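Chemist: Here you go, one structure.
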Amino acid sequence: MTRETTGDGTDFEELRPLLFSISYRILGSATEAEDAVQETWLRYAASSTRPRSLKTFLATTTTRISIDVLRSARMRREEYIGPWFPEPLLADPYQDPERSADLADSVSMAALLLMERLSPPERAVFVLREVFGFAFADVASAVDRSEAACRQLASRARRHMRDGRPRFESDRTKRTELADRFLDALRDGDVDGLRELLAADAQLVSDGGGKVGQKTPVQGIDRVVRVLAAAVPPYIHIGAVIEPHEVNGQPGAILRDRGGRIVATWALDIVDGRIQTVRSVINPDKLGHLGPVADARAVIREKNLARRRPERTHRAPGPARSDRRR
C-alpha cells in the first residue's frame, strides 16, 4: 500500500478535484486553491497517522489551510485597485450529479462575490455543509467550532446568500441561445441587437487590478451599449477572437488575441431573460492558470489604433494649413 491510499482504497488523486473545489469556493482563487491542495498533500504525506476517512481528513485539512489563506487575502483585497472578482474558472473539476444544482450555483461569480461578505468561518461552513453536504460533525472539526455553533453559522450564511443571490435563468438552452446572440451582436457592434438583449439596469464591470481596463463600472443600458458597440468590434478587426465558453458555470466567453493568447474572460449574469451584468476579468495576474496570457496593454493599444483609423479615413478634408492661418 502506498502512502496515497488508505484501507478503504481511496486515493488522494481521486479526491483532488473535490479538495480543489472546496478551496476555490472558500478563496475565490484557482491559484491559491491549487496551492492549498498541494499543501494538504504535503501535510498528509508527512503525517504518520492513518485517518479512518481520508475524504474527511483531507477536506478538513484543506479547509483549515484555506481559511488561513483567506484571512490574509482579505487584507490585500481591501487595497485592490478597482472592482475585485474571483479568478475565472472555465470548468469545475468536481462533479456530483446529486448536488449538481448546488455546485453550479455556488461557483458563479455572483455567488462567490456574495460569499466575500461572509466571515471566513461562515464561508467555510456554508461551502462544506450547503454545497458539498458534509455532516455537521465533520464541519465542526474543520472549523474548530461546536456543532451548535456551526448550525448557527450555516443559518446566517444561508440567509445572507438567499437574500442577496439573483434569480439566474435556469434553462441552460435559453441561456446559451441568449449568450450566442449577445456575442454575435458584440462582434458586429450591433447597437439595436445589444439593446434588445440587455436589462434596463445593465452594468459592465471590469477587474483589471489597476493595470488595464476601466476602474469604475459602466451602468445603465445606454452607456453599456455605447461602450460595448464601440470597444469590441475593433478587437475583431485586429484578428482577436471571441470564443464562447462557460465561465464559472454561467454563459460567457474568452477573448483571445490573434495568437490565441487570453486577453480577458467575460461572464454573463442572465436574469428574467436579459443580461443584467457583464463581468470582465482582464487582470493578467488572474488569467495565467487558464493558459498563455496576452499583453493586454499592447492589444488594447492596437485595438484603439484600429478604432481611430476609420475615423481618419472617412474624415472630411479640412482647409489647408496655410488657409487656416489666414
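Each chain in the C-alpha cells gets a letter, A, B, ..., in the order shown, and its residues are numbered from 1; ligands are numbered from 1 in order too.
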Give the helix (DSSP H, G or I) residues of range 155-300 of chain A, as assigned by DSSP on the backbone, as a ChimeraX atom specification.

Modeler: /A:155-164,172-188,191-197,221-231,233-237,284-286,288-290,296-300

Chemist: Can you pull out every residue within 6 Å of range 17-27 of chain A, counting only C-alpha atoms, but drop anything in the same chain fewer than 3 positions away, and send it as a PyMOL selection string?

Modeler: chain A and resi 30+33+66+70+93-94

Chemist: How would the residues just picked look written out with N, CA and C atoms as a tab-separated table (two decimals), in the first residue's frame?

Modeler:
chain	number	residue	atom	x	y	z
A	30	ALA	N	-8.20	30.30	-8.09
A	30	ALA	CA	-7.78	28.99	-8.56
A	30	ALA	C	-6.32	28.72	-8.20
A	33	ALA	N	-6.10	28.02	-4.51
A	33	ALA	CA	-6.73	26.73	-4.23
A	33	ALA	C	-5.78	25.59	-4.59
A	66	SER	N	-7.24	26.83	3.80
A	66	SER	CA	-7.93	27.85	3.00
A	66	SER	C	-8.42	29.00	3.87
A	70	LEU	N	-7.39	32.80	3.38
A	70	LEU	CA	-8.44	33.79	3.16
A	70	LEU	C	-8.28	34.98	4.09
A	93	PRO	N	-13.71	21.01	-11.67
A	93	PRO	CA	-13.20	19.64	-11.80
A	93	PRO	C	-14.00	18.60	-11.02
A	94	TYR	N	-14.78	19.06	-10.04
A	94	TYR	CA	-15.55	18.11	-9.23
A	94	TYR	C	-16.99	18.07	-9.70

Chemist: Which value, in Å to one decimal, gives the distance between CA of Gln219 in chain A and CA of His237 in chain A?

Modeler: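 For CA of Gln219 in chain A relative to CA of His237 in chain A, the distance reads 26.3 Å.
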
Chemist: Using only C-alpha atoms, which residue out of A:Arg256, A:Glu122, A:Asp138, A:Glu32 lies closest to Ser72 in chain A?

Modeler: A:Glu32

Chemist: Between A:Lys215, A:Arg172, A:Arg99, A:Arg64, which one has atoms that come closest to Glu246 in chain A, using only C-alpha atoms?

Modeler: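 Among A:Lys215, A:Arg172, A:Arg99, A:Arg64, it is A:Arg172 that comes nearest to Glu246 in chain A.
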
Chemist: Report as a list of chain:residue names all protein, DNA and RNA residues lying within 9 Å of Glu302 in chain A, evaluated on only C-alpha atoms, omitting residues in the same chain fewer than 4 positions from it.

Modeler: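 Here the answer would be A:Pro234, A:Tyr235, A:Ile238, A:Arg297, A:Ala298, A:Ala306, A:Arg307.
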
Chemist: For the residues in that selection, give me all heavy atoms as an mmCIF file, in the first residue's frame.

Modeler:
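Wrote result.cif, looks like this:
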data_model
loop_
_atom_site.group_PDB
_atom_site.id
_atom_site.type_symbol
_atom_site.label_atom_id
_atom_site.label_comp_id
_atom_site.auth_asym_id
_atom_site.auth_seq_id
_atom_site.Cartn_x
_atom_site.Cartn_y
_atom_site.Cartn_z
ATOM 1 N N PRO A 234 -13.444 46.664 -32.839
ATOM 2 C CA PRO A 234 -12.041 46.842 -33.232
ATOM 3 C C PRO A 234 -11.138 45.675 -32.843
ATOM 4 O O PRO A 234 -10.123 45.427 -33.504
ATOM 5 C CB PRO A 234 -11.631 48.133 -32.508
ATOM 6 C CG PRO A 234 -12.911 48.900 -32.363
ATOM 7 C CD PRO A 234 -13.939 47.854 -32.098
ATOM 8 N N TYR A 235 -11.486 44.966 -31.768
ATOM 9 C CA TYR A 235 -10.709 43.761 -31.435
ATOM 10 C C TYR A 235 -10.789 42.751 -32.579
ATOM 11 O O TYR A 235 -9.786 42.108 -32.940
ATOM 12 C CB TYR A 235 -11.251 43.111 -30.162
ATOM 13 C CG TYR A 235 -10.825 43.763 -28.875
ATOM 14 C CD1 TYR A 235 -11.753 44.376 -28.034
ATOM 15 C CD2 TYR A 235 -9.496 43.755 -28.471
ATOM 16 C CE1 TYR A 235 -11.377 44.962 -26.840
ATOM 17 C CE2 TYR A 235 -9.096 44.342 -27.281
ATOM 18 C CZ TYR A 235 -10.044 44.943 -26.466
ATOM 19 O OH TYR A 235 -9.657 45.531 -25.287
ATOM 20 N N ILE A 238 -8.547 43.492 -35.571
ATOM 21 C CA ILE A 238 -7.112 43.224 -35.450
ATOM 22 C C ILE A 238 -6.829 41.726 -35.273
ATOM 23 O O ILE A 238 -5.718 41.341 -34.888
ATOM 24 C CB ILE A 238 -6.475 44.027 -34.306
ATOM 25 C CG1 ILE A 238 -7.050 43.609 -32.951
ATOM 26 C CG2 ILE A 238 -6.649 45.523 -34.540
ATOM 27 C CD1 ILE A 238 -6.309 44.212 -31.757
ATOM 28 N N ARG A 297 -2.170 45.342 -22.557
ATOM 29 C CA ARG A 297 -1.948 46.753 -22.896
ATOM 30 C C ARG A 297 -1.601 46.912 -24.373
ATOM 31 O O ARG A 297 -2.106 47.826 -25.036
ATOM 32 C CB ARG A 297 -0.823 47.326 -22.028
ATOM 33 C CG ARG A 297 -1.200 47.526 -20.570
ATOM 34 C CD ARG A 297 -0.047 48.108 -19.795
ATOM 35 N NE ARG A 297 -0.400 48.366 -18.414
ATOM 36 C CZ ARG A 297 0.454 48.786 -17.490
ATOM 37 N NH1 ARG A 297 1.725 48.990 -17.831
ATOM 38 N NH2 ARG A 297 0.054 49.007 -16.251
ATOM 39 N N ALA A 298 -0.764 46.020 -24.881
ATOM 40 C CA ALA A 298 -0.394 46.092 -26.302
ATOM 41 C C ALA A 298 -1.606 45.823 -27.181
ATOM 42 O O ALA A 298 -1.800 46.492 -28.212
ATOM 43 C CB ALA A 298 0.724 45.096 -26.601
ATOM 44 N N ALA A 306 -6.759 50.784 -34.388
ATOM 45 C CA ALA A 306 -7.675 50.292 -35.412
ATOM 46 C C ALA A 306 -9.002 51.027 -35.338
ATOM 47 O O ALA A 306 -9.651 51.276 -36.361
ATOM 48 C CB ALA A 306 -7.897 48.795 -35.224
ATOM 49 N N ARG A 307 -9.391 51.390 -34.131
ATOM 50 C CA ARG A 307 -10.654 52.113 -33.942
ATOM 51 C C ARG A 307 -10.587 53.518 -34.512
ATOM 52 O O ARG A 307 -11.575 54.043 -35.030
ATOM 53 C CB ARG A 307 -10.973 52.144 -32.448
ATOM 54 C CG ARG A 307 -12.270 52.834 -32.082
ATOM 55 C CD ARG A 307 -12.456 52.766 -30.594
ATOM 56 N NE ARG A 307 -13.593 53.553 -30.137
ATOM 57 C CZ ARG A 307 -13.939 53.695 -28.879
ATOM 58 N NH1 ARG A 307 -13.231 53.102 -27.931
ATOM 59 N NH2 ARG A 307 -14.978 54.429 -28.539
#

Chemist: Please provide as an mmCIF file with N, CA, C and O atoms, in the first residue's frame all residues within 10 Å of Arg129 in chain A, with the sequence filter that same-chain residues fewer than 3 positions apart are discarded (counting only C-alpha atoms).

Modeler:
data_model
loop_
_atom_site.group_PDB
_atom_site.id
_atom_site.type_symbol
_atom_site.label_atom_id
_atom_site.label_comp_id
_atom_site.auth_asym_id
_atom_site.auth_seq_id
_atom_site.Cartn_x
_atom_site.Cartn_y
_atom_site.Cartn_z
ATOM 1 N N ARG A 123 -18.138 31.272 5.743
ATOM 2 C CA ARG A 123 -17.943 30.845 4.360
ATOM 3 C C ARG A 123 -17.563 29.377 4.293
ATOM 4 O O ARG A 123 -18.090 28.617 3.469
ATOM 5 N N ALA A 124 -16.663 28.960 5.168
ATOM 6 C CA ALA A 124 -16.235 27.558 5.170
ATOM 7 C C ALA A 124 -17.394 26.639 5.538
ATOM 8 O O ALA A 124 -17.586 25.578 4.916
ATOM 9 N N VAL A 125 -18.180 27.025 6.537
ATOM 10 C CA VAL A 125 -19.321 26.208 6.946
ATOM 11 C C VAL A 125 -20.335 26.113 5.813
ATOM 12 O O VAL A 125 -20.866 25.037 5.520
ATOM 13 N N PHE A 126 -20.608 27.239 5.174
ATOM 14 C CA PHE A 126 -21.563 27.237 4.064
ATOM 15 C C PHE A 126 -21.084 26.316 2.941
ATOM 16 O O PHE A 126 -21.866 25.517 2.406
ATOM 17 N N PHE A 132 -21.416 20.992 -0.359
ATOM 18 C CA PHE A 132 -20.885 19.639 -0.503
ATOM 19 C C PHE A 132 -21.546 18.611 0.419
ATOM 20 O O PHE A 132 -21.249 17.425 0.314
ATOM 21 N N GLY A 133 -22.417 19.063 1.322
ATOM 22 C CA GLY A 133 -23.211 18.140 2.114
ATOM 23 C C GLY A 133 -22.469 17.389 3.199
ATOM 24 O O GLY A 133 -22.890 16.292 3.590
ATOM 25 N N PHE A 134 -21.389 17.943 3.734
ATOM 26 C CA PHE A 134 -20.687 17.286 4.831
ATOM 27 C C PHE A 134 -21.549 17.320 6.093
ATOM 28 O O PHE A 134 -22.308 18.268 6.318
ATOM 29 N N ALA A 135 -21.413 16.299 6.914
ATOM 30 C CA ALA A 135 -22.139 16.246 8.180
ATOM 31 C C ALA A 135 -21.636 17.354 9.101
ATOM 32 O O ALA A 135 -20.467 17.746 9.048
ATOM 33 N N PHE A 136 -22.526 17.832 9.998
ATOM 34 C CA PHE A 136 -22.133 18.920 10.887
ATOM 35 C C PHE A 136 -20.977 18.521 11.801
ATOM 36 O O PHE A 136 -20.161 19.371 12.185
ATOM 37 N N ASP A 138 -18.401 16.741 10.944
ATOM 38 C CA ASP A 138 -17.180 16.953 10.154
ATOM 39 C C ASP A 138 -16.916 18.439 9.929
ATOM 40 O O ASP A 138 -15.762 18.880 9.953
ATOM 41 N N VAL A 139 -17.981 19.201 9.718
ATOM 42 C CA VAL A 139 -17.833 20.644 9.537
ATOM 43 C C VAL A 139 -17.269 21.271 10.807
ATOM 44 O O VAL A 139 -16.367 22.120 10.756
ATOM 45 N N CYS A 150 -21.811 25.752 14.545
ATOM 46 C CA CYS A 150 -21.795 25.586 13.086
ATOM 47 C C CYS A 150 -23.196 25.674 12.499
ATOM 48 O O CYS A 150 -23.388 26.205 11.403
ATOM 49 N N ARG A 151 -24.186 25.169 13.221
ATOM 50 C CA ARG A 151 -25.564 25.280 12.743
ATOM 51 C C ARG A 151 -25.986 26.745 12.672
ATOM 52 O O ARG A 151 -26.682 27.162 11.736
ATOM 53 N N ALA A 154 -24.179 28.311 9.705
ATOM 54 C CA ALA A 154 -24.806 27.879 8.460
ATOM 55 C C ALA A 154 -26.115 28.611 8.223
ATOM 56 O O ALA A 154 -26.429 29.003 7.088
#

Chemist: Using only C-alpha atoms, which protein or nucleic acid residues come within 10 Å of Ser206 in chain A? Drop anything in the same chain fewer than 2 positions from it, and give the result as number ranges by chain.

Modeler: A: 82-85, 203-204, 208-209, 212-218, 264-266, 278-283

Chemist: Which neighbours of Gly273 in chain A fall inside 9 Å, counting only C-alpha atoms, when residues of the same chain fewer than 5 positions from it are skipped, and could you give them as number ranges by chain?

Modeler: A: 168-169, 174-175, 178, 197-199

Chemist: Those selected residues, please, written with C-alpha atoms and delivered as a PDB file, in the first residue's frame.

Modeler:
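So part33.pdb came out as:
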ATOM      1  CA  PHE A 168     -30.496  33.403 -12.779  1.00  0.00           C
ATOM      2  CA  GLU A 169     -32.126  31.926 -15.857  1.00  0.00           C
ATOM      3  CA  LYS A 174     -32.219  29.548 -23.271  1.00  0.00           C
ATOM      4  CA  ARG A 175     -29.116  30.894 -21.564  1.00  0.00           C
ATOM      5  CA  LEU A 178     -29.227  34.380 -25.489  1.00  0.00           C
ATOM      6  CA  LEU A 197     -30.662  41.660 -25.002  1.00  0.00           C
ATOM      7  CA  LEU A 198     -29.543  43.855 -22.101  1.00  0.00           C
ATOM      8  CA  ALA A 199     -31.587  44.670 -18.992  1.00  0.00           C
TER       9      ALA A 199
END

Chemist: Using only C-alpha atoms, pick whichever of A:Arg195, A:Arg52, A:Arg71, A:Arg261 has the shortest atom-to-atom distance to Arg181 in chain A.

Modeler: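 With only C-alpha atoms as the atom set, the closest residue is A:Arg195.
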
Chemist: For a quick check of understanding, using only C-alpha atoms, which of A:Glu147, A:Glu116, A:Asp222, A:Glu13 has the smallest distance to Asp192 in chain A?

Modeler: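 The closest residue to Asp192 in chain A is A:Asp222.
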